[in-house]
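Everything below belongs to entry-v1.pdb, which stores PDB, C-alpha atoms.
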```pdb
ATOM      1  CA  MET J 205      89.572 106.835  76.054
ATOM      2  CA  ASN J 206      91.438 103.960  77.666
ATOM      3  CA  LEU J 207      94.934 105.444  77.443
ATOM      4  CA  ALA J 208      96.512 108.418  79.210
ATOM      5  CA  ILE J 209     100.057 109.768  79.096
ATOM      6  CA  VAL J 210     101.392 111.822  82.000
ATOM      7  CA  HIS J 211     104.781 113.544  82.037
ATOM      8  CA  SER J 212     107.092 113.165  85.020
ATOM      9  CA  ARG J 213     110.793 113.105  85.907
ATOM     10  CA  ALA J 214     113.104 110.462  87.357
ATOM     11  CA  ARG J 215     116.133 111.293  89.439
ATOM     12  CA  THR J 216     119.616 110.125  88.536
ATOM     13  CA  GLY J 217     122.180 112.125  90.499
ATOM     14  CA  ILE J 218     121.779 115.776  89.529
ATOM     15  CA  ARG J 219     119.872 114.942  86.327
ATOM     16  CA  ALA J 220     116.133 114.585  85.937
ATOM     17  CA  PRO J 221     115.408 112.567  82.778
ATOM     18  CA  GLU J 222     111.854 112.627  81.447
ATOM     19  CA  VAL J 223     109.587 109.686  82.204
ATOM     20  CA  ARG J 224     106.350 109.108  80.322
ATOM     21  CA  VAL J 225     103.794 107.475  82.594
ATOM     22  CA  GLU J 226     101.526 105.594  80.198
ATOM     23  CA  VAL J 227      98.333 104.198  81.735
ATOM     24  CA  HIS J 228      96.115 101.752  79.833
ATOM     25  CA  LEU J 229      92.769 100.418  81.025
ATOM     26  CA  GLY J 230      91.932  97.102  79.436
ATOM     27  CA  GLY J 231      89.483  94.277  79.705
ATOM     28  CA  GLY J 232      89.857  91.215  81.882
ATOM     29  CA  LEU J 233      89.981  90.623  85.588
ATOM     30  CA  PRO J 234      90.760  93.693  87.708
ATOM     31  CA  ALA J 235      94.501  93.990  88.306
ATOM     32  CA  MET J 236      97.198  96.644  88.278
ATOM     33  CA  ASN J 237     100.695  96.092  86.890
ATOM     34  CA  ILE J 238     103.572  98.567  86.810
ATOM     35  CA  VAL J 239     106.280  97.911  84.222
ATOM     36  CA  GLY J 240     109.374  99.801  83.083
ATOM     37  CA  LEU J 241     112.116  98.868  85.576
ATOM     38  CA  PRO J 242     110.349 100.002  88.785
ATOM     39  CA  GLU J 243     112.090  99.411  92.108
ATOM     40  CA  ALA J 244     110.165  98.170  95.165
ATOM     41  CA  ALA J 245     108.895 101.603  96.284
ATOM     42  CA  VAL J 246     107.467 102.255  92.813
ATOM     43  CA  ARG J 247     105.765  98.839  92.662
ATOM     44  CA  GLU J 248     104.178  99.629  96.053
ATOM     45  CA  ALA J 249     102.535 102.687  94.478
ATOM     46  CA  LYS J 250      99.609 100.420  93.564
ATOM     47  CA  ASP J 251      98.317 100.423  97.126
ATOM     48  CA  ARG J 252      99.020 104.118  97.821
ATOM     49  CA  VAL J 253      97.340 105.196  94.581
ATOM     50  CA  ARG J 254      94.258 103.002  95.115
ATOM     51  CA  ALA J 255      93.685 104.402  98.628
ATOM     52  CA  ALA J 256      94.389 108.017  97.601
ATOM     53  CA  ILE J 257      91.920 107.845  94.701
ATOM     54  CA  ALA J 258      89.236 106.448  97.010
ATOM     55  CA  CYS J 259      89.879 109.108  99.674
ATOM     56  CA  ALA J 260      89.593 111.828  97.022
ATOM     57  CA  GLN J 261      86.064 110.523  96.268
ATOM     58  CA  PHE J 262      86.954 109.241  92.790
ATOM     59  CA  GLU J 263      86.184 105.759  91.507
ATOM     60  CA  PHE J 264      89.063 103.317  91.164
ATOM     61  CA  PRO J 265      88.400 101.477  87.857
ATOM     62  CA  GLN J 266      87.623  97.773  88.190
ATOM     63  CA  ARG J 267      89.585  96.911  85.056
ATOM     64  CA  ARG J 268      93.010  95.616  84.096
ATOM     65  CA  ILE J 269      95.363  98.594  84.575
ATOM     66  CA  THR J 270      98.806  98.593  83.002
ATOM     67  CA  VAL J 271     101.216 101.385  83.927
ATOM     68  CA  ASN J 272     104.320 101.715  81.759
ATOM     69  CA  LEU J 273     107.135 103.957  82.982
ATOM     70  CA  ALA J 274     109.078 104.783  79.813
ATOM     71  CA  PRO J 275     111.903 104.597  78.938
ATOM     72  CA  ALA J 276     112.043 101.031  80.210
ATOM     73  CA  ASP J 277     115.833 100.947  80.653
ATOM     74  CA  LEU J 278     115.907 103.879  83.123
ATOM     75  CA  PRO J 279     115.698 102.763  86.790
ATOM     76  CA  LYS J 280     112.782 104.335  88.696
ATOM     77  CA  ASP J 281     112.776 104.616  92.474
ATOM     78  CA  GLY J 282     110.911 106.273  95.321
ATOM     79  CA  GLY J 283     107.359 107.521  95.543
ATOM     80  CA  ARG J 284     107.765 110.376  93.042
ATOM     81  CA  PHE J 285     105.582 108.597  90.440
ATOM     82  CA  ASP J 286     102.519 108.164  92.707
ATOM     83  CA  LEU J 287     100.863 111.413  91.601
ATOM     84  CA  PRO J 288     101.388 110.881  87.839
ATOM     85  CA  ILE J 289     100.143 107.279  88.111
ATOM     86  CA  ALA J 290      96.984 108.391  89.942
ATOM     87  CA  LEU J 291      96.332 111.161  87.417
ATOM     88  CA  GLY J 292      96.870 108.737  84.540
ATOM     89  CA  ILE J 293      94.299 106.349  85.979
ATOM     90  CA  LEU J 294      91.792 109.173  86.486
ATOM     91  CA  ALA J 295      92.345 110.538  82.965
ATOM     92  CA  ALA J 296      92.218 107.137  81.266
ATOM     93  CA  SER J 297      88.921 106.421  83.030
ATOM     94  CA  GLY J 298      87.478 109.810  82.003
ATOM     95  CA  GLN J 299      87.251 111.260  85.511
ATOM     96  CA  ILE J 300      89.557 114.215  84.760
ATOM     97  CA  PRO J 301      90.205 115.942  81.407
ATOM     98  CA  LEU J 302      92.884 114.207  79.357
ATOM     99  CA  ASP J 303      93.865 117.408  77.520
ATOM    100  CA  ALA J 304      94.783 119.132  80.800
ATOM    101  CA  LEU J 305      97.761 116.765  81.220
ATOM    102  CA  ARG J 306      99.424 117.683  77.930
ATOM    103  CA  ASP J 307     101.695 120.609  78.953
ATOM    104  CA  VAL J 308     102.242 119.794  82.626
ATOM    105  CA  GLU J 309     104.683 117.582  84.523
ATOM    106  CA  PHE J 310     103.863 116.035  87.889
ATOM    107  CA  ILE J 311     105.971 114.599  90.682
ATOM    108  CA  GLY J 312     104.938 113.676  94.203
ATOM    109  CA  GLU J 313     104.320 110.852  96.630
ATOM    110  CA  LEU J 314     100.780 110.169  97.793
ATOM    111  CA  ALA J 315      99.743 109.369 101.326
ATOM    112  CA  LEU J 316      96.841 106.933 101.716
ATOM    113  CA  THR J 317      94.640 109.951 102.502
ATOM    114  CA  GLY J 318      95.425 111.600  99.162
ATOM    115  CA  GLU J 319      97.792 114.162 100.667
ATOM    116  CA  LEU J 320     100.974 114.931  98.725
ATOM    117  CA  ARG J 321     104.264 114.220 100.481
ATOM    118  CA  ALA J 322     107.569 115.908  99.723
ATOM    119  CA  ILE J 323     110.115 114.168  97.528
ATOM    120  CA  ASP J 324     113.801 114.806  96.941
ATOM    121  CA  GLY J 325     115.443 116.187  93.814
ATOM    122  CA  VAL J 326     112.796 118.738  92.807
ATOM    123  CA  LEU J 327     115.218 121.427  91.571
ATOM    124  CA  PRO J 328     116.663 119.331  88.706
ATOM    125  CA  ALA J 329     113.104 118.322  87.737
ATOM    126  CA  ALA J 330     111.992 121.970  87.740
ATOM    127  CA  LEU J 331     114.935 123.030  85.585
ATOM    128  CA  ALA J 332     114.257 120.203  83.111
ATOM    129  CA  ALA J 333     110.517 120.966  82.985
ATOM    130  CA  GLY J 334     111.319 124.599  82.183
ATOM    131  CA  GLU J 335     113.638 123.553  79.366
ATOM    132  CA  ALA J 336     110.890 121.305  77.988
ATOM    133  CA  GLY J 337     108.411 124.216  78.063
ATOM    134  CA  ARG J 338     106.043 122.560  80.535
ATOM    135  CA  ARG J 339     104.528 123.656  83.831
ATOM    136  CA  LEU J 340     105.363 121.630  86.940
ATOM    137  CA  ILE J 341     103.096 120.646  89.829
ATOM    138  CA  VAL J 342     104.832 119.541  93.031
ATOM    139  CA  PRO J 343     103.844 118.851  96.650
ATOM    140  CA  ALA J 344     103.479 122.039  98.735
ATOM    141  CA  PRO J 345     106.560 121.286 100.896
ATOM    142  CA  ASN J 346     108.683 121.286  97.703
ATOM    143  CA  GLY J 347     107.368 124.652  96.479
ATOM    144  CA  ALA J 348     110.338 126.742  97.608
ATOM    145  CA  GLU J 349     112.811 124.399  95.920
ATOM    146  CA  ALA J 350     110.845 124.386  92.652
ATOM    147  CA  ALA J 351     110.651 128.199  92.740
ATOM    148  CA  LEU J 352     114.455 128.389  92.521
ATOM    149  CA  ALA J 353     114.147 127.443  88.838
ATOM    150  CA  SER J 354     113.205 130.804  87.369
ATOM    151  CA  ARG J 355     112.269 129.539  83.880
ATOM    152  CA  VAL J 356     109.460 127.221  84.933
ATOM    153  CA  ASP J 357     105.886 127.913  85.953
ATOM    154  CA  SER J 358     105.676 125.740  89.064
ATOM    155  CA  ARG J 359     102.559 125.229  91.155
ATOM    156  CA  THR J 360     102.091 123.483  94.464
ATOM    157  CA  ALA J 361      99.289 121.337  95.830
ATOM    158  CA  ARG J 362      98.549 119.674  99.148
ATOM    159  CA  THR J 363      96.258 116.862  97.947
ATOM    160  CA  LEU J 364      95.356 114.780  94.905
ATOM    161  CA  LEU J 365      91.923 116.415  94.918
ATOM    162  CA  GLN J 366      93.510 119.881  94.753
ATOM    163  CA  VAL J 367      95.596 118.830  91.718
ATOM    164  CA  CYS J 368      92.462 117.502  90.007
ATOM    165  CA  GLY J 369      90.742 120.816  90.745
ATOM    166  CA  MET J 370      93.610 122.717  89.100
ATOM    167  CA  LEU J 371      93.360 120.521  86.018
ATOM    168  CA  ALA J 372      89.604 120.960  85.773
ATOM    169  CA  GLY J 373      90.027 124.755  85.834
TER     170      GLY J 373
END
```
Let me see whether you can do it: turn the structure in this file into structure tokens.
Amino acid sequence: MNLAIVHSRARTGIRAPEVRVEVHLGGGLPAMNIVGLPEAAVREAKDRVRAAIACAQFEFPQRRITVNLAPADLPKDGGRFDLPIALGILAASGQIPLDALRDVEFIGELALTGELRAIDGVLPAALAAGEAGRRLIVPAPNGAEAALASRVDSRTARTLLQVCGMLAG
């Protein structure tokens, strides 16, 4: 399949509205575009994601990649969408199971090595994920904050490869 949808959360004050990270792999010259009102740090995810996927020993698709962060009118900032973008690319290219993404939300910044870096505003995201009935995977340094939300099954990971291992069972 050439399309993957990954669930994530933005941060607007003390709220954490849902963001659908839609990744499409199409024909044409290799390129990667991120649309949906991304600020500079989100647009820079292209380089972090490409390096992290390579370091995790996955193949970065040589296709036209379009990443849509929906809803388009909600501002997106920071590196919190790196992990969902990477997972969307891997799922759309068939390298991880697409079905494993259905009931899980992901937030986290990727280092070039594939390690997950802490982000801010995890508690509102954990509360919102619990209300939506989804599990939440966060960077290991954010585990204690996510655990404060008692109605969500939150998991932590240190690397992109570890997240992919969780999804593969």
Checklist entry - What do you get, as a PyMOL selection string, if you spell out every residue that the PyMOL selection byres ((chain J and resi 248) around 12) selects here? => result chain J and resi 236-238+242-247+249-255+281-286+289+313-316
Restricting it to C-alpha atoms, dump the selection as a PDB file, in the coordinates of the input.
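Okay, this is what ended up in result.pdb:
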```
ATOM      1  CA  MET J 236      97.198  96.644  88.278  1.00  0.00           C
ATOM      2  CA  ASN J 237     100.695  96.092  86.890  1.00  0.00           C
ATOM      3  CA  ILE J 238     103.572  98.567  86.810  1.00  0.00           C
ATOM      4  CA  PRO J 242     110.349 100.002  88.785  1.00  0.00           C
ATOM      5  CA  GLU J 243     112.090  99.411  92.108  1.00  0.00           C
ATOM      6  CA  ALA J 244     110.165  98.170  95.165  1.00  0.00           C
ATOM      7  CA  ALA J 245     108.895 101.603  96.284  1.00  0.00           C
ATOM      8  CA  VAL J 246     107.467 102.255  92.813  1.00  0.00           C
ATOM      9  CA  ARG J 247     105.765  98.839  92.662  1.00  0.00           C
ATOM     10  CA  ALA J 249     102.535 102.687  94.478  1.00  0.00           C
ATOM     11  CA  LYS J 250      99.609 100.420  93.564  1.00  0.00           C
ATOM     12  CA  ASP J 251      98.317 100.423  97.126  1.00  0.00           C
ATOM     13  CA  ARG J 252      99.020 104.118  97.821  1.00  0.00           C
ATOM     14  CA  VAL J 253      97.340 105.196  94.581  1.00  0.00           C
ATOM     15  CA  ARG J 254      94.258 103.002  95.115  1.00  0.00           C
ATOM     16  CA  ALA J 255      93.685 104.402  98.628  1.00  0.00           C
ATOM     17  CA  ASP J 281     112.776 104.616  92.474  1.00  0.00           C
ATOM     18  CA  GLY J 282     110.911 106.273  95.321  1.00  0.00           C
ATOM     19  CA  GLY J 283     107.359 107.521  95.543  1.00  0.00           C
ATOM     20  CA  ARG J 284     107.765 110.376  93.042  1.00  0.00           C
ATOM     21  CA  PHE J 285     105.582 108.597  90.440  1.00  0.00           C
ATOM     22  CA  ASP J 286     102.519 108.164  92.707  1.00  0.00           C
ATOM     23  CA  ILE J 289     100.143 107.279  88.111  1.00  0.00           C
ATOM     24  CA  GLU J 313     104.320 110.852  96.630  1.00  0.00           C
ATOM     25  CA  LEU J 314     100.780 110.169  97.793  1.00  0.00           C
ATOM     26  CA  ALA J 315      99.743 109.369 101.326  1.00  0.00           C
ATOM     27  CA  LEU J 316      96.841 106.933 101.716  1.00  0.00           C
TER      28      LEU J 316
END
```
Item to check | Radius query 12 Å about (92.8, 108.4, 82.8), atoms used: only C-alpha atoms, as JSON, numbers by chain | outcome: {"J": [205, 206, 207, 208, 209, 210, 225, 226, 227, 228, 229, 230, 257, 262, 263, 264, 265, 269, 270, 271, 288, 289, 290, 291, 292, 293, 294, 295, 296, 297, 298, 299, 300, 301, 302, 303, 304, 305, 368]}
Going by the chain IDs and residue numbers used in this file, which residues fall under the PyMOL selection byres ((chain J and resi 216-220) around 12)? Write them as a tab-separated table (two decimals) with C-alpha atoms, in the coordinates of the input.
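Full text of out_4.tsv as output:
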```tsv
chain	number	residue	atom	x	y	z
J	212	SER	CA	107.09	113.16	85.02
J	213	ARG	CA	110.79	113.10	85.91
J	214	ALA	CA	113.10	110.46	87.36
J	215	ARG	CA	116.13	111.29	89.44
J	221	PRO	CA	115.41	112.57	82.78
J	222	GLU	CA	111.85	112.63	81.45
J	223	VAL	CA	109.59	109.69	82.20
J	278	LEU	CA	115.91	103.88	83.12
J	279	PRO	CA	115.70	102.76	86.79
J	280	LYS	CA	112.78	104.34	88.70
J	281	ASP	CA	112.78	104.62	92.47
J	282	GLY	CA	110.91	106.27	95.32
J	284	ARG	CA	107.76	110.38	93.04
J	309	GLU	CA	104.68	117.58	84.52
J	311	ILE	CA	105.97	114.60	90.68
J	324	ASP	CA	113.80	114.81	96.94
J	325	GLY	CA	115.44	116.19	93.81
J	326	VAL	CA	112.80	118.74	92.81
J	327	LEU	CA	115.22	121.43	91.57
J	328	PRO	CA	116.66	119.33	88.71
J	329	ALA	CA	113.10	118.32	87.74
J	330	ALA	CA	111.99	121.97	87.74
J	331	LEU	CA	114.94	123.03	85.58
J	332	ALA	CA	114.26	120.20	83.11
J	333	ALA	CA	110.52	120.97	82.98
J	334	GLY	CA	111.32	124.60	82.18
J	335	GLU	CA	113.64	123.55	79.37
J	336	ALA	CA	110.89	121.30	77.99
```
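When CA of Leu371 (chain J) is paired with CA of Gly232 (chain J), their separation reads 29.8 Å.
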Item to check | Nearest-residue call for Leu365 (chain J), choices J:Gly312, J:Gln261, J:Arg339, J:Ala351, using all atoms listed in the file | outcome: J:Gln261
Next on the checklist: I'd like to know which of J:Gly347, J:Gly240, J:Gly318, J:Gly337 is closest to Gln366 (chain J), using all atoms listed in the file.
Outcome noted: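 So, comparing all the options, the nearest one is J:Gly318.
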Item to check | For Ala322 (chain J): contacts at 6 Å, only C-alpha atoms, fewer than 2 positions along chain excluded, given as a list in words | outcome: Pro343, Pro345 and Asn346 of chain J
Checklist entry - Hey, can you check how far CA of Arg306 (chain J) sits from CA of Arg338 (chain J)? => result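 Between these atoms lies a distance of 8.6 Å.
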Would you give the centre and edge lengths, in Å to one decimal, of a box along x, y and z around the listed atoms of region 250-259 of chain J, with 6 Å added to each side, as JSON?
```
{"center_x": 94.4, "center_y": 104.8, "center_z": 96.6, "size_x": 22.4, "size_y": 20.7, "size_z": 18.1}
```
Checklist entry - In Å, with one decimal, what is the gap from CA of Ala372 (chain J) to CA of Pro275 (chain J)? => result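 Calculated distance between CA of Ala372 (chain J) and CA of Pro275 (chain J) is 28.5 Å.
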Checklist entry - Written as a ChimeraX atom specification, which residues does the PyMOL selection byres ((chain J and resi 362) around 6) give for the file shown? => result /J:319-320,343-344,361,363
Checklist entry - Looking at J:Leu352, J:Val367, J:Ala276, J:Ala260, which one is nearest to Phe310 (chain J), with distances taken over all atoms listed in the file? => result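 Under the stated criterion, the closest residue is J:Val367.
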Checklist entry - Which residue, J:Ala274, J:Leu233, J:Ala258, J:Leu340, has the smallest gap to Ala353 (chain J) when you use all atoms listed in the file? => result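 Distance minimum relative to Ala353 (chain J) lands on J:Leu340.
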Item to check | Who sits within 7 Å of Pro234 (chain J), only C-alpha atoms, same chain under 3 positions skipped, as a PyMOL selection string | outcome: chain J and resi 266-268
